[in-house]
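Peer 1: My file is final_35.cif. It has mmCIF, C-alpha atoms:
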data_upload
#
loop_
_atom_site.label_atom_id
_atom_site.label_comp_id
_atom_site.auth_asym_id
_atom_site.auth_seq_id
_atom_site.Cartn_x
_atom_site.Cartn_y
_atom_site.Cartn_z
CA MET A 119 6.74 77.72 -40.70
CA SER A 120 7.37 74.59 -38.70
CA TYR A 121 5.92 71.06 -38.85
CA TYR A 122 7.03 68.52 -36.27
CA GLN A 123 6.06 65.39 -34.35
CA ASN A 124 4.64 66.33 -30.95
CA ASN A 125 4.33 64.41 -27.68
CA TYR A 126 0.79 63.14 -28.24
CA ARG A 127 0.25 59.55 -29.41
CA LYS A 128 -2.70 57.72 -30.88
CA ASP A 129 -3.95 54.50 -29.31
CA GLN A 130 -1.61 51.63 -29.98
CA ASN A 131 -2.77 49.08 -32.55
CA GLN A 132 -3.07 45.77 -30.68
CA GLN A 133 -2.50 43.67 -33.80
CA THR A 134 0.59 45.42 -35.12
CA ASN A 135 1.83 46.84 -31.81
CA PHE A 136 2.33 50.09 -33.70
CA GLN A 137 1.65 53.48 -32.16
CA ARG A 138 0.98 56.42 -34.47
CA CYS A 139 1.96 59.97 -33.70
CA TYR A 140 0.31 63.36 -33.91
CA TYR A 141 2.01 66.34 -35.56
CA THR A 142 1.95 70.08 -35.02
CA PHE A 143 2.08 72.76 -37.69
CA THR A 144 2.95 76.31 -36.60
CA PHE A 145 3.50 79.52 -38.52
CA THR A 146 4.14 83.18 -37.90
CA HIS A 147 2.53 86.00 -39.83
CA THR A 148 3.16 89.73 -39.52
CA PHE A 149 0.09 91.85 -40.20
CA GLU A 150 1.15 94.79 -42.32
CA HIS A 151 -1.94 97.02 -42.07
CA ASP A 152 -4.17 98.10 -39.20
CA ASP A 153 -7.77 96.86 -39.21
CA ASP A 154 -7.05 94.71 -42.25
CA GLN A 155 -8.97 91.53 -43.04
CA VAL A 156 -6.68 88.56 -43.74
CA TYR A 157 -7.64 85.05 -44.81
CA PHE A 158 -5.45 81.98 -44.31
CA ALA A 159 -6.07 79.28 -46.89
CA TYR A 160 -5.48 75.57 -46.39
CA SER A 161 -4.16 75.42 -49.96
CA GLN A 162 -3.58 77.78 -52.87
CA PRO A 163 -7.03 79.21 -53.72
CA TYR A 164 -8.70 78.64 -57.07
CA SER A 165 -12.17 80.15 -56.88
CA TYR A 166 -15.36 79.84 -58.90
CA SER A 167 -14.58 83.34 -60.22
CA ASP A 168 -11.12 82.15 -61.32
CA LEU A 169 -12.72 79.35 -63.31
CA THR A 170 -15.26 81.70 -64.90
CA GLU A 171 -12.51 84.11 -65.93
CA ASP A 172 -10.42 81.27 -67.41
CA LEU A 173 -13.38 79.92 -69.40
CA CYS A 174 -14.30 83.40 -70.63
CA GLU A 175 -10.72 83.96 -71.78
CA ILE A 176 -10.76 80.72 -73.78
CA GLN A 177 -14.18 81.54 -75.22
CA SER A 178 -12.94 84.98 -76.30
CA ARG A 179 -10.43 83.34 -78.62
CA GLN A 180 -13.31 81.95 -80.70
CA LEU A 181 -11.55 78.63 -81.27
CA ASN A 182 -13.56 76.43 -83.63
CA PHE A 183 -12.64 73.27 -81.73
CA VAL A 184 -13.95 74.39 -78.32
CA SER A 185 -17.54 74.83 -77.17
CA ARG A 186 -18.66 75.99 -73.73
CA ASN A 187 -21.99 74.84 -72.32
CA THR A 188 -23.93 74.74 -69.06
CA LEU A 189 -24.33 71.22 -67.71
CA CYS A 190 -26.85 72.21 -65.02
CA ARG A 191 -27.57 74.66 -62.22
CA THR A 192 -26.53 73.87 -58.67
CA ILE A 193 -28.70 74.07 -55.54
CA ALA A 194 -27.60 77.70 -55.12
CA GLY A 195 -28.23 78.46 -58.78
CA ASN A 196 -24.59 78.55 -59.84
CA LYS A 197 -23.64 77.25 -63.26
CA CYS A 198 -21.85 73.92 -63.57
CA GLU A 199 -20.20 74.26 -66.96
CA TYR A 200 -18.44 71.88 -69.30
CA LEU A 201 -16.25 72.14 -72.38
CA THR A 202 -16.27 70.02 -75.50
CA ILE A 203 -12.87 70.00 -77.16
CA THR A 204 -12.27 68.24 -80.50
CA ASN A 205 -11.14 69.11 -84.00
CA ARG A 206 -13.65 69.31 -86.80
CA VAL A 207 -13.05 66.42 -89.16
CA PRO A 208 -15.04 64.64 -91.89
CA TYR A 209 -17.98 62.55 -90.65
CA GLU A 210 -16.37 59.20 -91.37
CA VAL A 211 -13.28 60.22 -89.39
CA ASP A 212 -15.36 61.64 -86.54
CA GLN A 213 -17.17 58.33 -86.11
CA LYS A 214 -13.84 56.66 -85.32
CA LYS A 215 -13.06 59.09 -82.51
CA GLU A 216 -13.22 57.83 -78.94
CA GLY A 217 -14.55 59.81 -76.00
CA VAL A 218 -12.61 61.10 -73.01
CA VAL A 219 -14.29 62.61 -69.94
CA ILE A 220 -12.28 64.56 -67.37
CA THR A 221 -13.76 66.11 -64.21
CA ALA A 222 -12.36 67.91 -61.17
CA ARG A 223 -13.09 69.72 -57.92
CA ILE A 224 -15.84 67.49 -56.54
CA HIS A 225 -14.20 68.19 -53.16
CA PRO A 226 -14.04 71.99 -52.81
CA GLY A 227 -10.92 72.03 -50.61
CA GLU A 228 -8.83 70.18 -53.19
CA SER A 229 -7.97 73.29 -55.15
CA ASN A 230 -4.85 71.66 -56.59
CA SER A 231 -7.19 69.60 -58.77
CA SER A 232 -8.37 72.86 -60.37
CA PHE A 233 -4.80 73.85 -61.16
CA MET A 234 -4.24 70.43 -62.74
CA MET A 235 -7.45 70.84 -64.72
CA LYS A 236 -6.38 74.31 -65.86
CA GLY A 237 -3.17 72.76 -67.16
CA VAL A 238 -5.11 70.06 -68.99
CA ILE A 239 -7.44 72.57 -70.62
CA ASP A 240 -4.68 75.04 -71.53
CA PHE A 241 -2.74 72.24 -73.20
CA LEU A 242 -5.70 70.78 -75.10
CA VAL A 243 -6.65 74.17 -76.57
CA SER A 244 -3.06 74.99 -77.52
CA ASP A 245 -1.40 74.58 -80.91
CA HIS A 246 1.09 72.02 -79.60
CA PRO A 247 1.38 69.15 -82.15
CA THR A 248 0.41 66.58 -79.52
CA ALA A 249 -2.67 68.60 -78.54
CA VAL A 250 -3.68 68.85 -82.20
CA GLU A 251 -3.28 65.08 -82.59
CA LEU A 252 -5.36 64.43 -79.45
CA ARG A 253 -8.15 66.66 -80.77
CA ASP A 254 -8.01 64.75 -84.07
CA LYS A 255 -8.45 61.39 -82.35
CA PHE A 256 -10.67 62.09 -79.33
CA VAL A 257 -13.73 64.02 -78.23
CA PHE A 258 -13.03 65.57 -74.83
CA LYS A 259 -15.86 66.39 -72.42
CA ILE A 260 -14.45 68.37 -69.50
CA VAL A 261 -16.30 69.39 -66.33
CA PRO A 262 -13.80 71.61 -64.49
CA MET A 263 -15.75 72.15 -61.25
CA LEU A 264 -18.23 69.54 -60.02
CA ASN A 265 -19.01 71.31 -56.74
CA PRO A 266 -19.29 75.07 -57.42
CA ASP A 267 -21.50 75.65 -54.36
CA GLY A 268 -18.94 74.09 -52.05
CA VAL A 269 -16.18 76.20 -53.56
CA VAL A 270 -18.18 79.44 -53.29
CA ASN A 271 -19.15 78.78 -49.66
CA GLY A 272 -15.72 77.64 -48.53
CA ASN A 273 -16.61 74.01 -47.77
CA TYR A 274 -13.77 71.53 -47.66
CA ARG A 275 -15.52 68.35 -48.72
CA CYS A 276 -19.28 68.62 -48.99
CA SER A 277 -21.98 70.36 -51.03
CA LEU A 278 -24.71 72.70 -49.81
CA ALA A 279 -26.84 69.61 -49.13
CA GLY A 280 -24.15 68.47 -46.69
CA CYS A 281 -23.22 65.58 -48.97
CA ASP A 282 -19.88 64.25 -50.10
CA LEU A 283 -20.75 64.26 -53.79
CA ASN A 284 -18.01 61.74 -54.50
CA ARG A 285 -20.11 59.20 -52.55
CA ARG A 286 -23.23 59.84 -54.63
CA TRP A 287 -22.25 58.47 -58.02
CA LYS A 288 -24.32 55.28 -57.76
CA TYR A 289 -27.71 56.85 -57.06
CA PRO A 290 -27.43 60.63 -57.49
CA SER A 291 -30.49 62.81 -56.95
CA GLU A 292 -31.27 65.36 -59.65
CA ILE A 293 -32.38 67.76 -56.89
CA LEU A 294 -29.76 67.17 -54.16
CA HIS A 295 -26.77 66.19 -56.34
CA PRO A 296 -27.48 67.82 -59.72
CA THR A 297 -23.87 68.07 -60.93
CA VAL A 298 -23.21 64.36 -60.38
CA TYR A 299 -26.60 63.41 -61.81
CA HIS A 300 -26.06 65.38 -65.02
CA THR A 301 -22.41 64.37 -65.37
CA LYS A 302 -23.53 60.73 -65.36
CA LYS A 303 -26.07 61.57 -68.05
CA LEU A 304 -23.36 63.32 -70.07
CA ILE A 305 -21.10 60.27 -69.83
CA MET A 306 -23.91 57.88 -70.76
CA LYS A 307 -24.90 60.01 -73.75
CA LEU A 308 -21.31 60.16 -74.96
CA SER A 309 -20.93 56.38 -74.54
CA LYS A 310 -23.88 55.84 -76.88
CA GLU A 311 -22.26 58.01 -79.53
CA ARG A 312 -18.76 56.53 -79.41
CA PRO A 313 -16.53 54.20 -77.35
CA LEU A 314 -15.19 55.73 -74.13
CA ALA A 315 -11.41 55.54 -73.87
CA LEU A 316 -11.07 57.15 -70.45
CA TYR A 317 -12.85 58.78 -67.54
CA CYS A 318 -10.51 60.64 -65.19
CA ASP A 319 -11.55 62.51 -62.04
CA LEU A 320 -8.88 64.84 -60.66
CA HIS A 321 -8.46 65.12 -56.88
CA GLY A 322 -6.01 66.21 -54.23
CA HIS A 323 -5.05 64.45 -51.00
CA SER A 324 -4.25 65.72 -47.52
CA ARG A 325 -1.45 63.19 -46.98
CA ARG A 326 -0.41 61.53 -50.24
CA LYS A 327 2.20 63.42 -52.24
CA ASN A 328 3.21 63.81 -55.88
CA VAL A 329 1.04 61.80 -58.30
CA PHE A 330 -0.90 58.62 -57.57
CA MET A 331 -3.87 56.88 -59.18
CA TYR A 332 -6.85 54.76 -58.26
CA GLY A 333 -8.49 52.86 -61.09
CA ASN A 334 -10.36 49.81 -62.25
CA CYS A 335 -8.22 47.11 -63.83
CA SER A 336 -8.16 43.34 -64.15
CA ASN A 337 -5.63 41.22 -62.29
CA ASP A 338 -3.47 40.71 -65.37
CA GLU A 339 -3.01 44.43 -66.08
#
Take the structure I supplied and represent it as C-alpha coordinates, if you would.

Peer 2:
Amino acid sequence: MSYYQNNYRKDQNQQTNFQRCYYTFTFTHTFEHDDDQVYFAYSQPYSYSDLTEDLCEIQSRQLNFVSRNTLCRTIAGNKCEYLTITNRVPYEVDQKKEGVVITARIHPGESNSSFMMKGVIDFLVSDHPTAVELRDKFVFKIVPMLNPDGVVNGNYRCSLAGCDLNRRWKYPSEILHPTVYHTKKLIMKLSKERPLALYCDLHGHSRRKNVFMYGNCSNDE
(Lines of atoms letter the chains of each structure in order from A and count residues from 1; the text may use other names and numbers.)
(Lines give C-alpha, C1' and ligand atoms only; values in the text may rest on other atoms or scores of the structure.)
Protein backbone atom coordinates (compact mmCIF):
# COMPACT_ATOMS: atom_id res chain seq x y z
CA MET A 1 0.00 0.00 0.00
CA SER A 2 1.16 3.51 -0.71
CA TYR A 3 -0.22 6.96 0.18
CA TYR A 4 1.55 10.03 -1.14
CA GLN A 5 1.14 13.67 -2.17
CA ASN A 6 0.61 13.92 -5.92
CA ASN A 7 1.16 16.74 -8.41
CA TYR A 8 -2.39 18.12 -8.32
CA ARG A 9 -3.15 21.23 -6.26
CA LYS A 10 -6.33 22.81 -5.02
CA ASP A 11 -7.10 26.45 -5.75
CA GLN A 12 -4.95 28.76 -3.69
CA ASN A 13 -6.67 30.53 -0.80
CA GLN A 14 -6.45 34.26 -1.56
CA GLN A 15 -6.63 35.27 2.10
CA THR A 16 -4.00 32.93 3.48
CA ASN A 17 -1.99 32.45 0.28
CA PHE A 18 -2.05 28.74 1.13
CA GLN A 19 -2.37 26.05 -1.50
CA ARG A 20 -3.65 22.63 -0.45
CA CYS A 21 -2.57 19.39 -2.03
CA TYR A 22 -4.28 16.27 -3.28
CA TYR A 23 -3.10 12.79 -2.29
CA THR A 24 -3.08 9.40 -3.97
CA PHE A 25 -3.68 6.04 -2.31
CA THR A 26 -2.62 2.92 -4.21
CA PHE A 27 -2.62 -0.76 -3.31
CA THR A 28 -1.91 -4.11 -4.88
CA HIS A 29 -3.99 -7.22 -4.35
CA THR A 30 -3.37 -10.73 -5.65
CA PHE A 31 -6.55 -12.66 -6.41
CA GLU A 32 -6.10 -16.18 -5.12
CA HIS A 33 -9.07 -17.93 -6.76
CA ASP A 34 -10.53 -17.90 -10.26
CA ASP A 35 -14.00 -16.39 -10.71
CA ASP A 36 -14.02 -15.31 -7.07
CA GLN A 37 -16.02 -12.35 -5.79
CA VAL A 38 -13.93 -9.95 -3.69
CA TYR A 39 -15.07 -6.84 -1.84
CA PHE A 40 -12.77 -3.98 -0.84
CA ALA A 41 -13.97 -2.12 2.24
CA TYR A 42 -13.21 1.49 3.07
CA SER A 43 -12.83 0.45 6.72
CA GLN A 44 -13.04 -2.71 8.80
CA PRO A 45 -16.61 -4.00 8.33
CA TYR A 46 -19.06 -4.29 11.20
CA SER A 47 -22.39 -5.35 9.75
CA TYR A 48 -25.98 -5.36 10.97
CA SER A 49 -25.62 -9.15 11.28
CA ASP A 50 -22.52 -8.67 13.46
CA LEU A 51 -24.52 -6.46 15.80
CA THR A 52 -27.42 -8.92 15.95
CA GLU A 53 -25.05 -11.77 16.78
CA ASP A 54 -23.36 -9.71 19.52
CA LEU A 55 -26.70 -8.74 21.08
CA CYS A 56 -27.95 -12.33 20.92
CA GLU A 57 -24.78 -13.54 22.64
CA ILE A 58 -25.27 -11.05 25.47
CA GLN A 59 -28.96 -11.94 25.76
CA SER A 60 -28.08 -15.65 25.96
CA ARG A 61 -26.20 -15.01 29.20
CA GLN A 62 -29.49 -14.04 30.88
CA LEU A 63 -27.87 -11.22 32.84
CA ASN A 64 -30.37 -9.64 35.24
CA PHE A 65 -28.95 -6.16 34.68
CA VAL A 66 -29.38 -6.08 30.88
CA SER A 67 -32.58 -5.83 28.86
CA ARG A 68 -32.82 -5.81 25.07
CA ASN A 69 -35.67 -3.98 23.35
CA THR A 70 -36.74 -2.73 19.92
CA LEU A 71 -36.73 1.05 19.68
CA CYS A 72 -38.51 1.14 16.31
CA ARG A 73 -38.54 -0.28 12.80
CA THR A 74 -36.64 1.43 10.02
CA ILE A 75 -37.95 2.37 6.57
CA ALA A 76 -36.85 -1.06 5.30
CA GLY A 77 -38.39 -2.81 8.30
CA ASN A 78 -35.12 -3.55 10.09
CA LYS A 79 -35.04 -3.42 13.87
CA CYS A 80 -33.33 -0.51 15.61
CA GLU A 81 -32.58 -2.00 19.01
CA TYR A 82 -31.43 -0.60 22.31
CA LEU A 83 -30.08 -1.97 25.58
CA THR A 84 -30.85 -0.88 29.11
CA ILE A 85 -27.97 -1.67 31.44
CA THR A 86 -28.20 -1.05 35.20
CA ASN A 87 -27.99 -3.03 38.42
CA ARG A 88 -31.13 -3.81 40.35
CA VAL A 89 -31.09 -1.82 43.57
CA PRO A 90 -33.67 -0.76 46.17
CA TYR A 91 -36.17 1.87 44.99
CA GLU A 92 -34.74 4.69 47.07
CA VAL A 93 -31.26 4.02 45.65
CA ASP A 94 -32.59 3.72 42.10
CA GLN A 95 -34.18 7.16 42.32
CA LYS A 96 -30.72 8.66 42.89
CA LYS A 97 -29.31 7.12 39.72
CA GLU A 98 -28.55 9.39 36.78
CA GLY A 99 -29.14 8.51 33.15
CA VAL A 100 -26.53 8.00 30.44
CA VAL A 101 -27.41 7.63 26.75
CA ILE A 102 -24.86 6.35 24.25
CA THR A 103 -25.53 5.96 20.51
CA ALA A 104 -23.44 5.02 17.47
CA ARG A 105 -23.37 4.33 13.74
CA ILE A 106 -25.64 7.12 12.53
CA HIS A 107 -23.23 7.31 9.58
CA PRO A 108 -23.04 3.78 8.11
CA GLY A 109 -19.48 4.11 6.80
CA GLU A 110 -18.07 4.91 10.23
CA SER A 111 -17.78 1.28 11.27
CA ASN A 112 -15.09 2.12 13.83
CA SER A 113 -17.87 3.64 15.94
CA SER A 114 -19.47 0.19 16.12
CA PHE A 115 -16.23 -1.33 17.37
CA MET A 116 -16.02 1.40 20.03
CA MET A 117 -19.63 0.72 20.97
CA LYS A 118 -18.93 -3.01 21.19
CA GLY A 119 -16.12 -2.23 23.62
CA VAL A 120 -18.41 -0.02 25.70
CA ILE A 121 -21.12 -2.68 25.87
CA ASP A 122 -18.73 -5.55 26.58
CA PHE A 123 -17.22 -3.58 29.44
CA LEU A 124 -20.53 -2.48 30.97
CA VAL A 125 -21.88 -6.05 31.04
CA SER A 126 -18.65 -7.44 32.50
CA ASP A 127 -17.89 -8.22 36.14
CA HIS A 128 -15.10 -5.63 36.30
CA PRO A 129 -15.41 -3.69 39.61
CA THR A 130 -15.65 -0.37 37.76
CA ALA A 131 -18.42 -1.71 35.52
CA VAL A 132 -20.32 -2.94 38.58
CA GLU A 133 -19.96 0.49 40.20
CA LEU A 134 -21.18 2.23 37.03
CA ARG A 135 -24.25 -0.01 36.90
CA ASP A 136 -24.90 0.80 40.57
CA LYS A 137 -24.84 4.55 39.93
CA PHE A 138 -26.25 4.99 36.41
CA VAL A 139 -28.97 3.77 34.08
CA PHE A 140 -27.47 3.24 30.63
CA LYS A 141 -29.62 3.44 27.50
CA ILE A 142 -27.56 2.30 24.52
CA VAL A 143 -28.58 2.45 20.85
CA PRO A 144 -25.73 0.65 19.04
CA MET A 145 -26.82 1.28 15.43
CA LEU A 146 -28.87 4.36 14.54
CA ASN A 147 -28.83 3.73 10.79
CA PRO A 148 -29.33 -0.02 10.17
CA ASP A 149 -30.72 0.55 6.66
CA GLY A 150 -27.64 2.48 5.61
CA VAL A 151 -25.38 -0.23 7.00
CA VAL A 152 -27.30 -3.05 5.27
CA ASN A 153 -27.32 -1.25 1.91
CA GLY A 154 -23.69 -0.15 2.02
CA ASN A 155 -24.30 3.60 2.24
CA TYR A 156 -21.49 5.73 3.57
CA ARG A 157 -23.39 8.60 5.13
CA CYS A 158 -27.11 8.62 4.42
CA SER A 159 -30.26 6.61 5.13
CA LEU A 160 -32.64 5.00 2.64
CA ALA A 161 -34.47 8.34 2.48
CA GLY A 162 -31.24 9.89 1.21
CA CYS A 163 -30.86 11.88 4.43
CA ASP A 164 -27.89 12.50 6.67
CA LEU A 165 -29.66 11.47 9.86
CA ASN A 166 -27.14 13.39 11.94
CA ARG A 167 -28.64 16.59 10.44
CA ARG A 168 -32.19 15.65 11.43
CA TRP A 169 -32.07 15.85 15.21
CA LYS A 170 -33.95 19.16 15.48
CA TYR A 171 -37.08 18.19 13.56
CA PRO A 172 -36.99 14.44 12.85
CA SER A 173 -39.85 12.82 10.96
CA GLU A 174 -41.32 9.67 12.46
CA ILE A 175 -41.74 8.31 8.92
CA LEU A 176 -38.52 9.44 7.20
CA HIS A 177 -36.15 9.44 10.21
CA PRO A 178 -37.71 6.95 12.65
CA THR A 179 -34.53 6.02 14.53
CA VAL A 180 -33.68 9.64 15.32
CA TYR A 181 -37.31 10.44 16.15
CA HIS A 182 -37.63 7.56 18.62
CA THR A 183 -34.16 8.07 20.11
CA LYS A 184 -35.18 11.64 20.97
CA LYS A 185 -38.33 10.28 22.59
CA LEU A 186 -36.24 7.76 24.54
CA ILE A 187 -33.94 10.52 25.80
CA MET A 188 -36.85 12.78 26.74
CA LYS A 189 -38.59 9.96 28.60
CA LEU A 190 -35.42 9.12 30.51
CA SER A 191 -34.89 12.80 31.39
CA LYS A 192 -38.32 12.90 33.03
CA GLU A 193 -37.45 9.89 35.16
CA ARG A 194 -34.01 11.01 36.33
CA PRO A 195 -31.29 13.63 35.68
CA LEU A 196 -29.22 13.01 32.55
CA ALA A 197 -25.49 12.90 33.25
CA LEU A 198 -24.34 12.36 29.67
CA TYR A 199 -25.36 11.85 26.07
CA CYS A 200 -22.54 10.56 23.87
CA ASP A 201 -22.78 9.81 20.14
CA LEU A 202 -19.89 7.76 18.76
CA HIS A 203 -18.54 8.58 15.30
CA GLY A 204 -15.52 8.11 13.08
CA HIS A 205 -13.77 10.64 10.88
CA SER A 206 -12.14 10.40 7.47
CA ARG A 207 -9.24 12.71 8.40
CA ARG A 208 -9.03 13.21 12.17
CA LYS A 209 -7.04 10.58 14.04
CA ASN A 210 -6.98 9.03 17.50
CA VAL A 211 -9.65 10.43 19.85
CA PHE A 212 -11.29 13.84 19.71
CA MET A 213 -14.54 15.29 21.05
CA TYR A 214 -17.16 17.86 20.17
CA GLY A 215 -19.41 18.98 22.98
CA ASN A 216 -21.46 21.71 24.57
CA CYS A 217 -19.75 23.60 27.36
CA SER A 218 -19.70 27.08 28.84
CA ASN A 219 -16.75 29.42 28.38
CA ASP A 220 -15.42 28.78 31.87
CA GLU A 221 -15.22 24.99 31.48

Peer 1: Between A:Ile203, A:Cys174, A:Val219, A:Met235, which is the closest to Lys303 of chain A once you count only C-alpha atoms?

Peer 2: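 Closest to Lys303 of chain A, using only C-alpha atoms: A:Val219.
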
Peer 1: Enter the distance from atom CA of Tyr122 of chain A to atom CA of Ser231 of chain A, in Å, rounded to one decimal.

Peer 2: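 Atom CA of Ser231 of chain A lies at a distance of 26.6 Å from atom CA of Tyr122 of chain A.
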
Peer 1: Select, from A:Val156, A:Ile224, A:Leu314, A:Leu294, the residue with the minimum atom-to-atom distance to Leu264 of chain A, counting all atoms listed in the file.

Peer 2: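 Result for the nearest residue to Leu264 of chain A: A:Ile224.
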
Peer 1: Atom CA of Met119 of chain A to atom CA of Thr144 of chain A: how many Å, to one decimal?

Peer 2: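 Computing it gives 5.8 Å between the two atoms.
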
Peer 1: On this structure, which residues satisfy the PyMOL selection byres ((chain A and resi 332) around 12), written as a count of residues only?

Peer 2: 11

Peer 1: What residues have an atom no more than 10 Å from (2.3, 69.2, -42.0) in the file's own frame, counting only C-alpha atoms, and can you write them as a list in words?

Peer 2: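 These residues have at least one counted atom within 10 Å: Met119, Ser120, Tyr121, Tyr122, Gln123, Tyr141, Thr142, Phe143, Thr144, Ser324 and Arg325 of chain A.
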
Peer 1: Residue by residue, what does the PyMOL selection byres ((chain A and resi 184-188) around 8) grab here? Present the result as a PyMOL selection string.

Peer 2: chain A and resi 173+177+180-183+189-191+197-204+243

Peer 1: Work out how far atom CA of Val250 of chain A is from atom CA of Lys236 of chain A, in Å to one decimal.

Peer 2: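 Taking atom CA of Lys236 of chain A as the start and atom CA of Val250 of chain A as the end point, the length is 17.4 Å.
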
Peer 1: Would you kindly identify which residues have an atom no farther than 8 Å from (-11.5, 72.1, -67.0), using only C-alpha atoms and the file's own coordinates, and write them out as a PDB file with C-alpha atoms, in the coordinates of the input?

Peer 2:
ATOM      1  CA  TYR A 200     -18.440  71.880 -69.300  1.00  0.00           C
ATOM      2  CA  LEU A 201     -16.250  72.140 -72.380  1.00  0.00           C
ATOM      3  CA  ILE A 220     -12.280  64.560 -67.370  1.00  0.00           C
ATOM      4  CA  THR A 221     -13.760  66.110 -64.210  1.00  0.00           C
ATOM      5  CA  ALA A 222     -12.360  67.910 -61.170  1.00  0.00           C
ATOM      6  CA  SER A 232      -8.370  72.860 -60.370  1.00  0.00           C
ATOM      7  CA  MET A 235      -7.450  70.840 -64.720  1.00  0.00           C
ATOM      8  CA  LYS A 236      -6.380  74.310 -65.860  1.00  0.00           C
ATOM      9  CA  VAL A 238      -5.110  70.060 -68.990  1.00  0.00           C
ATOM     10  CA  ILE A 239      -7.440  72.570 -70.620  1.00  0.00           C
ATOM     11  CA  ILE A 260     -14.450  68.370 -69.500  1.00  0.00           C
ATOM     12  CA  VAL A 261     -16.300  69.390 -66.330  1.00  0.00           C
ATOM     13  CA  PRO A 262     -13.800  71.610 -64.490  1.00  0.00           C
ATOM     14  CA  MET A 263     -15.750  72.150 -61.250  1.00  0.00           C
TER      15      MET A 263
END

Peer 1: Pick from A:Ser161, A:Tyr166, A:Arg253, A:Ile176: nearest to Arg206 of chain A, with only C-alpha atoms counted?

Peer 2: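 For Arg206 of chain A, the nearest of the candidates is A:Arg253.
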
Peer 1: Tell me which protein, DNA and RNA residues are within 7 Å of Gly268 of chain A, counting all atoms listed in the file, leaving out same-chain ones fewer than 3 positions away, and put them as an NGL selection string.

Peer 2: :A and (226 or 265 or 271-273 or 276-278)

Peer 1: Keeping only C-alpha atoms, take the residues you just selected and write them out as a CSV table (one decimal), keeping the file's coordinate frame.

Peer 2:
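New file again.csv:
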chain,number,residue,atom,x,y,z
A,226,PRO,CA,-14.0,72.0,-52.8
A,265,ASN,CA,-19.0,71.3,-56.7
A,271,ASN,CA,-19.2,78.8,-49.7
A,272,GLY,CA,-15.7,77.6,-48.5
A,273,ASN,CA,-16.6,74.0,-47.8
A,276,CYS,CA,-19.3,68.6,-49.0
A,277,SER,CA,-22.0,70.4,-51.0
A,278,LEU,CA,-24.7,72.7,-49.8

Peer 1: Have a look at A:Gly237, A:Gly227, A:Pro296, A:Pro290 and name the one nearest to Arg275 of chain A; count all atoms listed in the file.

Peer 2: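 Smallest distance to Arg275 of chain A is found for A:Gly227.
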